[in-house]
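K.L.:
Next comes the structure file target30.tsv, holding TSV, C-alpha atoms.
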```tsv
chain	number	residue	atom	x	y	z
T	1060	MET	CA	104.69	130.40	134.51
T	1061	SER	CA	108.17	129.99	136.01
T	1062	LEU	CA	110.36	133.06	136.56
T	1063	GLU	CA	112.97	131.88	134.02
T	1064	PHE	CA	110.37	131.34	131.30
T	1065	PHE	CA	108.68	134.70	132.05
T	1066	ILE	CA	111.95	136.63	131.74
T	1067	ALA	CA	113.06	134.71	128.61
T	1068	SER	CA	109.74	135.41	126.84
T	1069	LYS	CA	110.01	139.12	127.77
T	1070	TYR	CA	113.52	139.30	126.30
T	1071	LEU	CA	112.32	137.80	123.00
T	1072	LYS	CA	109.81	140.67	122.63
T	1073	ALA	CA	112.42	143.26	121.74
T	1074	LYS	CA	111.82	146.98	122.19
T	1075	ARG	CA	112.16	149.40	119.32
T	1076	LYS	CA	115.81	150.16	120.09
T	1077	GLU	CA	116.57	146.43	120.11
T	1078	GLY	CA	114.99	145.83	116.70
T	1079	PHE	CA	118.24	144.43	115.26
T	1080	ILE	CA	118.28	141.61	117.84
T	1081	SER	CA	114.64	140.90	117.04
T	1082	LEU	CA	115.50	140.62	113.32
T	1083	ILE	CA	118.31	138.15	114.07
T	1084	THR	CA	115.87	136.12	116.18
T	1085	LEU	CA	113.42	135.94	113.27
T	1086	LEU	CA	116.23	134.93	110.92
T	1087	SER	CA	117.26	132.20	113.36
T	1088	VAL	CA	113.69	130.85	113.47
T	1089	ALA	CA	113.52	131.00	109.65
T	1090	GLY	CA	116.86	129.16	109.36
T	1091	VAL	CA	115.71	126.31	111.59
T	1092	THR	CA	112.35	126.18	109.75
T	1093	VAL	CA	113.98	125.93	106.30
T	1094	GLY	CA	116.50	123.33	107.49
T	1095	VAL	CA	113.91	121.07	109.09
T	1096	MET	CA	111.51	121.44	106.14
T	1097	ALA	CA	114.26	120.56	103.63
T	1098	LEU	CA	115.27	117.53	105.69
T	1099	VAL	CA	111.70	116.22	105.97
T	1100	ILE	CA	111.07	116.58	102.22
T	1101	VAL	CA	114.40	115.10	101.05
T	1102	ILE	CA	114.26	112.14	103.45
T	1103	ALA	CA	110.64	111.48	102.37
T	1104	VAL	CA	111.77	111.46	98.71
T	1105	MET	CA	114.64	109.05	99.52
T	1106	SER	CA	112.26	106.76	101.43
T	1107	GLY	CA	109.80	106.91	98.55
T	1108	ALA	CA	112.52	106.00	96.04
T	1109	GLU	CA	113.56	103.01	98.16
T	1110	ILE	CA	109.98	101.74	98.40
T	1111	GLU	CA	109.36	102.23	94.67
T	1112	PHE	CA	112.53	100.30	93.78
T	1113	ARG	CA	111.49	97.54	96.18
T	1114	LYS	CA	108.01	97.31	94.63
T	1115	ARG	CA	109.40	97.11	91.10
T	1116	ILE	CA	112.04	94.51	91.97
T	1117	LEU	CA	109.62	92.33	93.93
T	1118	GLY	CA	107.16	92.63	91.06
T	1119	VAL	CA	109.36	90.18	89.13
T	1120	GLU	CA	111.49	88.52	91.82
T	1121	PRO	CA	110.49	85.99	94.52
T	1122	HIS	CA	111.12	87.05	98.10
T	1123	ILE	CA	113.33	83.98	98.68
T	1124	LEU	CA	115.09	81.54	96.33
T	1125	ILE	CA	115.80	78.02	97.63
T	1126	MET	CA	118.44	76.13	95.59
T	1127	ASP	CA	120.31	72.82	95.66
T	1128	TYR	CA	124.12	72.83	95.89
T	1129	SER	CA	124.34	69.88	93.49
T	1130	GLY	CA	122.54	71.80	90.73
T	1131	LYS	CA	120.17	68.84	90.28
T	1132	PHE	CA	117.05	69.95	92.09
T	1133	THR	CA	114.89	66.92	91.27
T	1134	ASN	CA	112.88	66.32	94.46
T	1135	TYR	CA	111.31	69.78	94.33
T	1136	LYS	CA	107.73	68.48	94.57
T	1137	ASP	CA	108.44	66.98	98.00
T	1138	VAL	CA	110.21	70.12	99.18
T	1139	GLU	CA	107.36	72.30	97.87
T	1140	GLU	CA	104.76	70.25	99.74
T	1141	LYS	CA	106.88	70.36	102.88
T	1142	LEU	CA	107.12	74.16	102.79
T	1143	LYS	CA	103.41	74.60	102.03
T	1144	ASN	CA	102.10	72.22	104.69
T	1145	SER	CA	104.63	72.53	107.53
T	1146	SER	CA	103.43	74.45	110.60
T	1147	ASN	CA	107.00	75.79	111.04
T	1148	PHE	CA	106.59	78.13	108.07
T	1149	LYS	CA	103.45	80.14	108.85
T	1150	GLY	CA	104.97	83.28	107.33
T	1151	ILE	CA	105.01	81.76	103.83
T	1152	ASN	CA	102.37	82.97	101.39
T	1153	ALA	CA	103.18	80.81	98.36
T	1154	VAL	CA	105.81	78.48	96.88
T	1155	SER	CA	106.42	77.89	93.17
T	1156	PRO	CA	109.13	76.09	91.16
T	1157	LEU	CA	111.30	78.13	88.76
T	1158	VAL	CA	113.57	77.31	85.83
T	1159	PHE	CA	115.85	80.02	84.46
T	1160	GLY	CA	118.65	80.25	81.94
T	1161	GLN	CA	120.28	82.31	79.20
T	1162	THR	CA	118.77	82.13	75.71
T	1163	LEU	CA	118.75	83.89	72.36
T	1164	ILE	CA	115.43	85.25	71.09
T	1165	ARG	CA	115.10	85.61	67.34
T	1166	SER	CA	112.24	87.14	65.42
T	1167	ALA	CA	111.71	88.08	61.77
T	1168	SER	CA	113.23	91.50	62.45
T	1169	GLY	CA	115.68	91.13	65.32
T	1170	LEU	CA	117.86	89.05	67.62
T	1171	SER	CA	118.61	89.54	71.30
T	1172	GLY	CA	119.97	87.72	74.32
T	1173	ALA	CA	117.51	87.18	77.16
T	1174	VAL	CA	117.04	85.54	80.52
T	1175	VAL	CA	114.10	83.16	80.26
T	1176	ARG	CA	112.24	82.04	83.36
T	1177	GLY	CA	110.02	79.01	83.39
T	1178	ILE	CA	107.16	79.42	85.86
T	1179	GLU	CA	104.19	77.35	86.90
T	1180	PRO	CA	101.16	79.47	85.92
T	1181	ALA	CA	98.77	77.20	87.82
T	1182	SER	CA	100.55	77.82	91.14
T	1183	GLY	CA	98.15	80.64	92.04
T	1184	VAL	CA	100.97	83.17	92.48
T	1185	SER	CA	100.97	86.52	90.67
T	1186	ILE	CA	104.64	86.20	89.69
T	1187	ILE	CA	104.72	88.90	87.00
T	1188	LYS	CA	103.81	92.50	87.81
T	1189	GLY	CA	100.61	93.54	86.07
T	1190	PHE	CA	99.27	89.99	85.64
T	1191	THR	CA	96.97	88.19	88.04
T	1192	ALA	CA	97.38	84.46	88.70
T	1193	GLU	CA	94.33	83.78	86.47
T	1194	GLU	CA	95.76	85.86	83.61
T	1195	LEU	CA	99.09	84.03	83.89
T	1196	GLU	CA	97.33	80.69	83.65
T	1197	GLU	CA	95.53	81.90	80.53
T	1198	LYS	CA	98.61	83.42	78.86
T	1199	LEU	CA	101.14	80.71	79.74
T	1200	GLY	CA	98.95	77.63	80.12
T	1201	ILE	CA	99.60	74.72	77.78
T	1202	ASP	CA	97.00	74.42	74.99
T	1203	LYS	CA	96.38	70.89	73.76
T	1204	LYS	CA	95.77	70.45	70.05
T	1205	SER	CA	92.42	68.94	69.15
T	1206	ASP	CA	91.87	66.58	66.25
T	1207	GLU	CA	89.88	69.24	64.35
T	1208	ASP	CA	92.64	71.85	64.75
T	1209	SER	CA	94.75	71.86	61.60
T	1210	GLU	CA	97.15	74.56	62.87
T	1211	ARG	CA	100.08	73.85	65.13
T	1212	VAL	CA	99.67	74.98	68.74
T	1213	PHE	CA	102.73	77.00	69.80
T	1214	PRO	CA	103.96	77.32	73.38
T	1215	LYS	CA	103.45	80.78	74.87
T	1216	ILE	CA	105.83	83.50	76.03
T	1217	ILE	CA	105.46	86.80	77.94
T	1218	MET	CA	108.24	89.31	77.18
T	1219	GLY	CA	109.52	92.53	78.75
T	1220	ARG	CA	108.44	95.73	77.03
T	1221	GLU	CA	111.94	96.84	76.00
T	1222	LEU	CA	112.92	93.32	74.91
T	1223	ALA	CA	109.83	93.10	72.68
T	1224	LYS	CA	110.72	96.48	71.15
T	1225	HIS	CA	114.29	95.37	70.54
T	1226	VAL	CA	113.34	92.24	68.60
T	1227	GLY	CA	110.37	94.00	66.97
T	1228	VAL	CA	107.44	91.87	68.11
T	1229	ALA	CA	103.99	92.47	69.57
T	1230	VAL	CA	101.29	90.25	71.07
T	1231	GLY	CA	100.39	87.55	68.55
T	1232	ASP	CA	103.80	87.48	66.83
T	1233	LYS	CA	106.07	84.44	66.87
T	1234	VAL	CA	109.67	84.19	68.08
T	1235	VAL	CA	112.28	81.43	68.19
T	1236	LEU	CA	114.12	80.66	71.44
T	1237	MET	CA	117.56	79.06	71.26
T	1238	ALA	CA	119.17	77.57	74.37
T	1239	PRO	CA	122.30	75.43	74.94
T	1240	GLY	CA	120.34	72.40	76.06
T	1241	GLY	CA	119.90	70.35	72.91
T	1242	MET	CA	121.02	66.85	71.96
T	1243	LEU	CA	124.58	65.69	71.37
T	1244	SER	CA	125.69	65.26	67.77
T	1245	PRO	CA	128.93	64.18	66.06
T	1246	VAL	CA	129.95	67.85	65.91
T	1247	GLY	CA	129.10	68.58	69.56
T	1248	GLN	CA	126.05	69.71	71.49
T	1249	MET	CA	123.37	71.25	69.33
T	1250	ALA	CA	121.36	74.26	70.47
T	1251	SER	CA	117.76	73.58	71.35
T	1252	MET	CA	115.32	75.70	69.32
T	1253	THR	CA	111.60	76.16	69.89
T	1254	ARG	CA	109.10	78.55	68.33
T	1255	PHE	CA	106.86	80.49	70.74
T	1256	ILE	CA	103.91	82.84	70.32
T	1257	VAL	CA	103.91	86.13	72.25
T	1258	THR	CA	100.81	86.24	74.45
T	1259	GLY	CA	101.72	89.14	76.72
T	1260	ILE	CA	104.14	92.03	77.35
T	1261	PHE	CA	104.94	93.19	80.89
T	1262	ASP	CA	106.30	96.50	82.17
T	1263	SER	CA	108.05	96.21	85.53
T	1264	GLY	CA	109.25	99.82	85.54
T	1265	MET	CA	112.89	98.64	85.74
T	1266	TYR	CA	114.77	98.85	82.44
T	1267	GLU	CA	117.16	96.03	83.42
T	1268	TYR	CA	114.25	93.59	83.71
T	1269	ASP	CA	112.14	94.92	80.84
T	1270	SER	CA	115.03	94.67	78.39
T	1271	SER	CA	116.25	91.17	79.24
T	1272	LEU	CA	113.53	89.05	80.82
T	1273	ALA	CA	110.91	86.70	79.38
T	1274	TYR	CA	108.58	84.12	80.95
T	1275	ILE	CA	107.43	80.76	79.60
T	1276	ASN	CA	105.67	77.73	81.04
T	1277	ILE	CA	107.93	75.65	83.29
T	1278	ASN	CA	107.34	72.50	81.20
T	1279	ASP	CA	108.43	74.32	78.05
T	1280	ALA	CA	111.47	75.70	79.88
T	1281	GLN	CA	112.53	72.24	81.04
T	1282	LYS	CA	112.31	70.90	77.48
T	1283	LEU	CA	114.11	73.89	76.01
T	1284	MET	CA	117.02	73.79	78.46
T	1285	GLY	CA	117.32	70.02	78.76
T	1286	MET	CA	116.23	70.00	82.41
T	1287	ARG	CA	113.48	67.39	82.36
T	1288	GLY	CA	112.43	66.59	85.92
T	1289	ARG	CA	114.70	69.32	87.33
T	1290	ILE	CA	114.30	72.98	88.31
T	1291	SER	CA	116.70	75.83	89.02
T	1292	ALA	CA	115.12	76.98	92.30
T	1293	LEU	CA	112.00	77.15	94.39
T	1294	GLY	CA	110.55	80.65	94.67
T	1295	VAL	CA	109.06	81.53	98.06
T	1296	TRP	CA	106.76	84.49	98.72
T	1297	VAL	CA	106.28	85.60	102.35
T	1298	LYS	CA	103.74	87.76	104.19
T	1299	ASP	CA	106.28	90.08	105.82
T	1300	LEU	CA	109.09	91.15	103.47
T	1301	PHE	CA	111.43	92.03	106.31
T	1302	GLN	CA	111.11	88.57	107.83
T	1303	SER	CA	112.61	87.04	104.67
T	1304	PRO	CA	116.13	86.46	106.12
T	1305	GLN	CA	114.76	84.66	109.20
T	1306	ILE	CA	112.34	82.53	107.13
T	1307	LYS	CA	115.13	81.70	104.65
T	1308	ASP	CA	117.43	80.52	107.46
T	1309	SER	CA	114.60	78.48	108.98
T	1310	ILE	CA	113.90	76.78	105.63
T	1311	VAL	CA	117.56	75.95	105.00
T	1312	ASN	CA	118.01	74.57	108.54
T	1313	THR	CA	114.93	72.38	108.10
T	1314	LEU	CA	115.78	71.08	104.61
T	1315	GLY	CA	119.39	70.23	105.40
T	1316	SER	CA	122.92	71.12	104.32
T	1317	THR	CA	122.39	70.24	100.63
T	1318	PHE	CA	120.19	73.33	100.21
T	1319	TYR	CA	120.95	77.04	100.39
T	1320	GLY	CA	118.84	80.15	100.05
T	1321	ARG	CA	119.03	83.79	99.00
T	1322	ASP	CA	116.51	86.44	99.99
T	1323	TRP	CA	115.63	89.64	98.12
T	1324	MET	CA	117.82	91.74	100.44
T	1325	GLU	CA	120.91	89.67	99.59
T	1326	ILE	CA	120.21	89.61	95.86
T	1327	ASN	CA	119.77	93.41	95.69
T	1328	LYS	CA	122.18	94.29	98.50
T	1329	SER	CA	124.29	96.73	96.46
T	1330	LEU	CA	121.26	98.76	95.32
T	1331	PHE	CA	119.61	99.07	98.74
T	1332	SER	CA	122.97	99.70	100.46
T	1333	ALA	CA	123.60	102.57	98.02
T	1334	LEU	CA	120.13	104.02	98.70
T	1335	LYS	CA	120.65	103.76	102.46
T	1336	LEU	CA	124.08	105.42	102.21
T	1337	GLU	CA	122.64	108.20	100.07
T	1338	LYS	CA	119.80	108.74	102.54
T	1339	THR	CA	122.28	108.96	105.44
T	1340	ALA	CA	124.55	111.33	103.48
T	1341	MET	CA	121.63	113.62	102.63
T	1342	PHE	CA	120.57	113.66	106.29
T	1343	VAL	CA	124.08	114.69	107.39
T	1344	ILE	CA	124.48	117.31	104.65
T	1345	LEU	CA	121.09	118.94	105.19
T	1346	THR	CA	121.57	118.91	108.97
T	1347	LEU	CA	124.28	121.52	108.28
T	1348	ILE	CA	121.48	123.95	107.39
T	1349	ILE	CA	120.08	123.51	110.91
T	1350	LEU	CA	123.62	123.86	112.26
T	1351	VAL	CA	124.00	127.24	110.51
T	1352	ALA	CA	120.68	128.32	112.05
T	1353	ALA	CA	122.00	127.15	115.43
T	1354	PHE	CA	124.99	129.47	115.04
T	1355	ASN	CA	122.49	132.27	114.46
T	1356	ILE	CA	120.75	131.31	117.71
T	1357	ALA	CA	124.09	131.38	119.53
T	1358	SER	CA	124.98	134.80	118.09
T	1359	THR	CA	121.51	136.11	119.00
T	1360	LEU	CA	121.93	134.98	122.61
T	1361	ILE	CA	125.46	136.43	122.82
T	1362	MET	CA	124.16	139.80	121.63
T	1363	MET	CA	121.26	139.49	124.06
T	1364	VAL	CA	123.68	138.84	126.93
T	1365	MET	CA	125.66	141.94	125.97
T	1366	GLU	CA	122.44	143.95	125.70
T	1367	LYS	CA	121.10	142.72	129.04
T	1368	THR	CA	124.34	143.10	131.03
T	1369	ARG	CA	122.75	145.53	133.52
T	1370	ASP	CA	119.67	143.28	133.95
T	1371	ILE	CA	121.85	140.25	134.65
T	1372	ALA	CA	123.83	142.25	137.23
T	1373	VAL	CA	120.61	143.36	138.95
T	1374	PHE	CA	119.29	139.78	139.02
T	1375	LYS	CA	122.55	138.58	140.59
T	1376	ALA	CA	122.55	141.43	143.11
T	1377	MET	CA	119.01	140.40	144.10
T	1378	GLY	CA	120.20	136.83	144.74
T	1379	ALA	CA	119.66	135.07	141.42
T	1380	THR	CA	121.80	131.92	141.13
T	1381	ASP	CA	124.03	131.01	138.17
T	1382	MET	CA	121.59	128.20	137.36
T	1383	LEU	CA	118.66	130.64	137.08
T	1384	ILE	CA	120.63	132.94	134.75
T	1385	ARG	CA	121.64	129.95	132.59
T	1386	LYS	CA	118.04	128.75	132.41
T	1387	ILE	CA	116.82	132.17	131.20
T	1388	PHE	CA	119.06	132.09	128.11
T	1389	VAL	CA	118.71	128.35	127.50
T	1390	ILE	CA	114.92	128.73	127.52
T	1391	GLN	CA	115.20	131.73	125.21
T	1392	GLY	CA	117.27	129.73	122.70
T	1393	MET	CA	115.01	126.69	123.00
T	1394	ILE	CA	111.91	128.81	122.29
T	1395	ILE	CA	113.54	129.91	119.02
T	1396	GLY	CA	114.56	126.31	118.23
T	1397	LEU	CA	111.17	124.81	119.09
T	1398	ILE	CA	109.23	127.37	117.04
T	1399	GLY	CA	111.53	126.79	114.05
T	1400	THR	CA	111.36	123.00	114.43
T	1401	VAL	CA	107.57	122.90	114.73
T	1402	LEU	CA	107.07	125.27	111.77
T	1403	GLY	CA	109.62	123.35	109.66
T	1404	THR	CA	108.09	119.96	110.50
T	1405	PHE	CA	104.56	121.08	109.66
T	1406	ALA	CA	105.73	122.82	106.47
T	1407	GLY	CA	107.72	119.75	105.37
T	1408	VAL	CA	104.85	117.34	106.05
T	1409	PHE	CA	102.40	119.67	104.27
T	1410	VAL	CA	104.61	119.91	101.16
T	1411	CYS	CA	105.07	116.12	101.15
T	1412	ILE	CA	101.30	115.57	101.32
T	1413	LEU	CA	100.81	118.00	98.41
T	1414	LEU	CA	103.52	116.29	96.33
T	1415	LYS	CA	102.09	112.84	97.02
T	1416	LYS	CA	98.49	113.82	96.30
T	1417	TYR	CA	98.85	116.01	93.21
T	1418	GLN	CA	102.20	114.70	91.80
T	1419	PHE	CA	102.86	117.96	89.94
T	1420	ILE	CA	106.64	117.41	89.74
T	1421	GLU	CA	107.30	115.17	86.72
T	1422	LEU	CA	110.66	113.48	86.19
T	1423	PRO	CA	112.46	112.91	82.87
T	1424	SER	CA	112.07	109.53	81.16
T	1425	ALA	CA	115.63	108.59	82.22
T	1426	TYR	CA	114.30	107.93	85.74
T	1427	PRO	CA	112.34	104.78	86.63
T	1428	PHE	CA	109.60	107.00	88.17
T	1429	SER	CA	107.35	109.36	86.23
T	1430	THR	CA	106.77	111.60	89.28
T	1431	LEU	CA	108.65	112.37	92.47
T	1432	PRO	CA	108.23	109.42	94.88
T	1433	ILE	CA	107.16	110.49	98.37
T	1434	GLN	CA	106.90	108.31	101.47
T	1435	LEU	CA	106.53	109.98	104.87
T	1436	GLU	CA	107.95	107.83	107.65
T	1437	TYR	CA	106.88	108.98	111.12
T	1438	LEU	CA	110.12	107.70	112.63
T	1439	ASP	CA	112.16	109.82	110.19
T	1440	VAL	CA	110.13	112.93	111.05
T	1441	ILE	CA	110.59	112.28	114.78
T	1442	VAL	CA	114.36	111.76	114.38
T	1443	ILE	CA	114.67	114.99	112.36
T	1444	SER	CA	112.68	116.98	114.94
T	1445	ILE	CA	114.65	115.61	117.89
T	1446	SER	CA	117.98	116.22	116.09
T	1447	SER	CA	116.98	119.82	115.41
T	1448	ILE	CA	116.01	120.42	119.06
T	1449	ILE	CA	119.27	118.88	120.31
T	1450	ILE	CA	121.35	121.08	117.95
T	1451	CYS	CA	119.45	124.18	119.09
T	1452	PHE	CA	119.97	123.21	122.73
T	1453	LEU	CA	123.72	122.79	122.22
T	1454	SER	CA	123.89	126.27	120.66
T	1455	THR	CA	122.55	127.80	123.92
T	1456	ILE	CA	125.17	126.29	126.25
T	1457	TYR	CA	128.05	128.73	125.68
T	1458	PRO	CA	126.02	132.02	125.75
T	1459	SER	CA	124.09	130.95	128.87
T	1460	TYR	CA	127.35	129.90	130.58
T	1461	LYS	CA	128.96	133.29	129.83
T	1462	ALA	CA	125.88	135.09	131.17
T	1463	SER	CA	125.89	133.08	134.43
T	1464	LYS	CA	129.59	133.84	135.06
T	1465	MET	CA	129.19	137.58	134.69
T	1466	ASP	CA	130.46	139.66	137.66
T	1467	PRO	CA	127.58	141.88	138.89
T	1468	VAL	CA	129.92	144.60	140.23
T	1469	GLU	CA	131.76	144.96	136.90
T	1470	ALA	CA	128.50	144.73	134.99
T	1471	LEU	CA	126.88	147.54	137.01
T	1472	ARG	CA	130.02	149.67	136.76
T	1473	TYR	CA	130.38	149.45	132.98
T	1474	GLY	CA	126.85	148.36	131.93
```
Rewrite the structure of this file - the entire thing - as structure tokens.
P.N.:
Amino acid sequence: MSLEFFIASKYLKAKRKEGFISLITLLSVAGVTVGVMALVIVIAVMSGAEIEFRKRILGVEPHILIMDYSGKFTNYKDVEEKLKNSSNFKGINAVSPLVFGQTLIRSASGLSGAVVRGIEPASGVSIIKGFTAEELEEKLGIDKKSDEDSERVFPKIIMGRELAKHVGVAVGDKVVLMAPGGMLSPVGQMASMTRFIVTGIFDSGMYEYDSSLAYININDAQKLMGMRGRISALGVWVKDLFQSPQIKDSIVNTLGSTFYGRDWMEINKSLFSALKLEKTAMFVILTLIILVAAFNIASTLIMMVMEKTRDIAVFKAMGATDMLIRKIFVIQGMIIGLIGTVLGTFAGVFVCILLKKYQFIELPSAYPFSTLPIQLEYLDVIVISISSIIICFLSTIYPSYKASKMDPVEALRYG
């Protein structure tokens, strides 16, 4: 053990007459512990919220949308084959054509506007959250009427939970879709109307999607919206979500200037930017708790310097350098900071593990999550711990400097 560390550890073990300084030291440790623990828990909750939002959004959205500037995306089969088979796009998991547009959904008991998406259920992609590719093919596949079947075979539709509630339908009920894609008449363009049977209801966990989104077969969507032989976009699903921008740029560069793309980060930029800003703001605000604890460390060291004036004078008279004196009080402050940081980190991680495992904090129905979302990121924990140690170190600079500049003659005379 070095001399500086030995002396610093001795000073932290206060005698009975120095009990007040010992109490302030404990309060300083407790302050750092509470600050670090609060930071770890809050940042884990913010990270969990971001991941939950991402899961819900990507449960109904492709990772990348590839579109044609002309609005007449007719050669999509060739483009789809090119993306699937090209060795330049190894990061692509699946590609599927999409048709989307605004419609009105009418039932026997209600009417509502909706965004209808035409998908290819046989593409092998689980496009809708809660439905496997096989279930989609069953619920949205086209049934062909046999000669013995006297009943009409209706095209199929899967609706969002809130949308189904709004128009008052359940699985097995029939609805009418109206879209501005019908034939021209002497009085203008007529709305296209088709009756569908509800074969499924999905719950994405996002009210905006559940209240306005419905899925039908892509062939039915093309007929309904007057887009025979055309699609709105190609949906691309990738292996690594965070490689989406690079893959999107690579696809657009390969296909040519008539195409453009949008990835999930661009489409939901405002939401994820707000979450990131909120996470940063919470980090800054809660760091103030550690800063208050750092002031306690500084005040503890200042009182310690005043208490140990005679000791410092003796050390200097025996030949101790200014650097040695500074190290004694820096080490003393860092011991307090390190103990508080370690205790706070372990306490924060422990609470996060408990919250994630048992989920005993339930949220009101107004939130998209039923329980508090928790996601521990090791990088966040490391950044919090390092930030706490740096703040504690900065709080030791002034007291240690004042101690090193003390005049031994004056200190022995008045100490």
K.L.:
Return the single residue from T:Ile1275, T:Ile1412, T:Leu1163, T:Leu1086 that is closest to T:Ile1187, with distances computed using only C-alpha atoms.
P.N.:
T:Ile1275
K.L.:
Using only C-alpha atoms, what residues lie at most 12 Å away from (122.3, 119.0, 119.8) (file coordinates), given as a list in words?
P.N.:
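Counting only C-alpha atoms, I find these residues within 12 Å of (122.3, 119.0, 119.8): Thr1346, Leu1347, Ile1349, Leu1350, Ala1353, Phe1354, Met1393, Gly1396, Ile1443, Ser1444, Ile1445, Ser1446, Ser1447, Ile1448, Ile1449, Ile1450, Cys1451, Phe1452, Leu1453, Ser1454, Thr1455 and Ile1456 of chain T.
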K.L.:
Could you tell me how far atom CA of T:Asp1299 sits from atom CA of T:Gly1150, in Å to one decimal place?
P.N.:
7.1 Å
K.L.:
Using only C-alpha atoms, which of the listed residues (T:Ile1306, T:Ile1164, T:Ala1103, T:Leu1157) sits closest to T:Tyr1437?
P.N.:
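Among the listed residues, the smallest separation from T:Tyr1437 belongs to T:Ala1103.
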K.L.:
Kindly provide the residues of stretch 1144-1221 of chain T that approach stretch 1252-1260 of chain T to within 12 Å, each paired with its closest atom pair and their distance in Å to one decimal, based on all atoms listed in the file, listed by chain and increasing number, as CSV.
P.N.:
```
residue,atom,partner,partner_atom,distance
T:Thr1162,CA,T:Met1252,CA,9.7
T:Leu1163,CA,T:Met1252,CA,9.4
T:Ile1164,CA,T:Arg1254,CA,9.6
T:Arg1165,CA,T:Arg1254,CA,9.3
T:Ser1166,CA,T:Arg1254,CA,9.6
T:Ala1167,CA,T:Arg1254,CA,11.9
T:Ile1187,CA,T:Ile1260,CA,10.2
T:Lys1188,CA,T:Ile1260,CA,10.5
T:Gly1189,CA,T:Ile1260,CA,9.5
T:Phe1190,CA,T:Gly1259,CA,9.3
T:Glu1194,CA,T:Gly1259,CA,9.7
T:Leu1195,CA,T:Gly1259,CA,9.2
T:Glu1196,CA,T:Thr1258,CA,11.3
T:Glu1197,CA,T:Thr1258,CA,9.1
T:Lys1198,CA,T:Thr1258,CA,5.7
T:Leu1199,CA,T:Thr1258,CA,7.7
T:Gly1200,CA,T:Thr1258,CA,10.5
T:Ile1201,CA,T:Phe1255,CA,11.6
T:Asp1202,CA,T:Ile1256,CA,11.9
T:Arg1211,CA,T:Arg1254,CA,10.7
T:Val1212,CA,T:Ile1256,CA,9.1
T:Phe1213,CA,T:Phe1255,CA,5.5
T:Pro1214,CA,T:Phe1255,CA,5.0
T:Lys1215,CA,T:Ile1256,CA,5.0
T:Ile1216,CA,T:Val1257,CA,5.0
T:Ile1217,CA,T:Gly1259,CA,4.6
T:Met1218,CA,T:Ile1260,CA,4.9
T:Gly1219,CA,T:Ile1260,CA,5.6
T:Arg1220,CA,T:Ile1260,CA,5.7
T:Glu1221,CA,T:Ile1260,CA,9.3
```
K.L.:
Report, as AutoDock Vina command-line options, the axis-aligned box around all atoms of stretch 1160-1167 of chain T present in the file, extended by 5 Å on each side; give centre and edge lengths in Å to one decimal place.
P.N.:
```
--center_x 116.0 --center_y 84.2 --center_z 71.9 --size_x 18.6 --size_y 17.8 --size_z 30.2
```
K.L.:
Looking at all atoms listed in the file, which of T:Tyr1135, T:Tyr1460, T:Phe1065, T:Tyr1070 is the one that sits closest to T:Arg1289?
P.N.:
T:Tyr1135
K.L.:
Quick one: residues within 8 Å of stretch 1336-1344 of chain T, only C-alpha atoms, excluding same-chain residues fewer than 5 positions away - as a list in words?
P.N.:
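Selected residues are Leu1098, Val1101, Ile1102, Met1105 and Ser1106 of chain T.
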K.L.:
How would the residues just chosen look if you wrote them out with C-alpha atoms as a PDB file, in the coordinates of the input?
P.N.:
```
ATOM      1  CA  LEU T1098     115.270 117.530 105.690  1.00  0.00           C
ATOM      2  CA  VAL T1101     114.400 115.100 101.050  1.00  0.00           C
ATOM      3  CA  ILE T1102     114.260 112.140 103.450  1.00  0.00           C
ATOM      4  CA  MET T1105     114.640 109.050  99.520  1.00  0.00           C
ATOM      5  CA  SER T1106     112.260 106.760 101.430  1.00  0.00           C
TER       6      SER T1106
END
```
K.L.:
With distances taken over only C-alpha atoms, which residue among T:Arg1113, T:Lys1386, T:Lys1224, T:Lys1141 lies nearest T:Pro1458?
P.N.:
T:Lys1386
K.L.:
I'd like the neighbourhood of T:Ser1291 as a list in words, where a residue qualifies if any of its atoms comes within 9 Å (using only C-alpha atoms), though same-chain residues fewer than 2 positions away should be ignored.
P.N.:
Ile1125, Met1126, Asp1127, Gly1130, Lys1131, Phe1132, Pro1156, Leu1157, Val1158, Phe1159, Gly1160, Met1286, Arg1289 and Leu1293 of chain T
K.L.:
Compute the distance from (118.6, 129.8, 136.2) to each atom, counting only C-alpha atoms, keep the residues with any atom at most 12 Å away, and return them as a ChimeraX atom specification; use the coordinates of the file.
P.N.:
/T:1061-1067,1371,1374-1375,1378-1391,1459-1460,1462-1464
K.L.:
For a quick check of understanding, using only C-alpha atoms, which of T:Ile1420, T:Met1096, T:Leu1431, T:Val1119 has the smallest distance to T:Ser1263?
P.N.:
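Closest residue, counting only C-alpha atoms: T:Val1119.
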K.L.:
For a quick check of understanding, using all atoms listed in the file, which of T:Lys1069, T:Lys1282, T:Arg1115, T:Lys1461 has the smallest distance to T:Glu1267?
P.N.:
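Closest residue, counting all atoms listed in the file: T:Arg1115.
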K.L.:
At what distance in Å, to one decimal, does atom CA of T:Thr1404 lie from atom CA of T:Val1364?
P.N.:
29.5 Å
K.L.:
Report the distance between atom CA of T:Val1408 and atom CA of T:Phe1112 in Å, rounded to one decimal place.
P.N.:
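So the two atoms, atom CA of T:Val1408 and atom CA of T:Phe1112, lie 22.4 Å apart.
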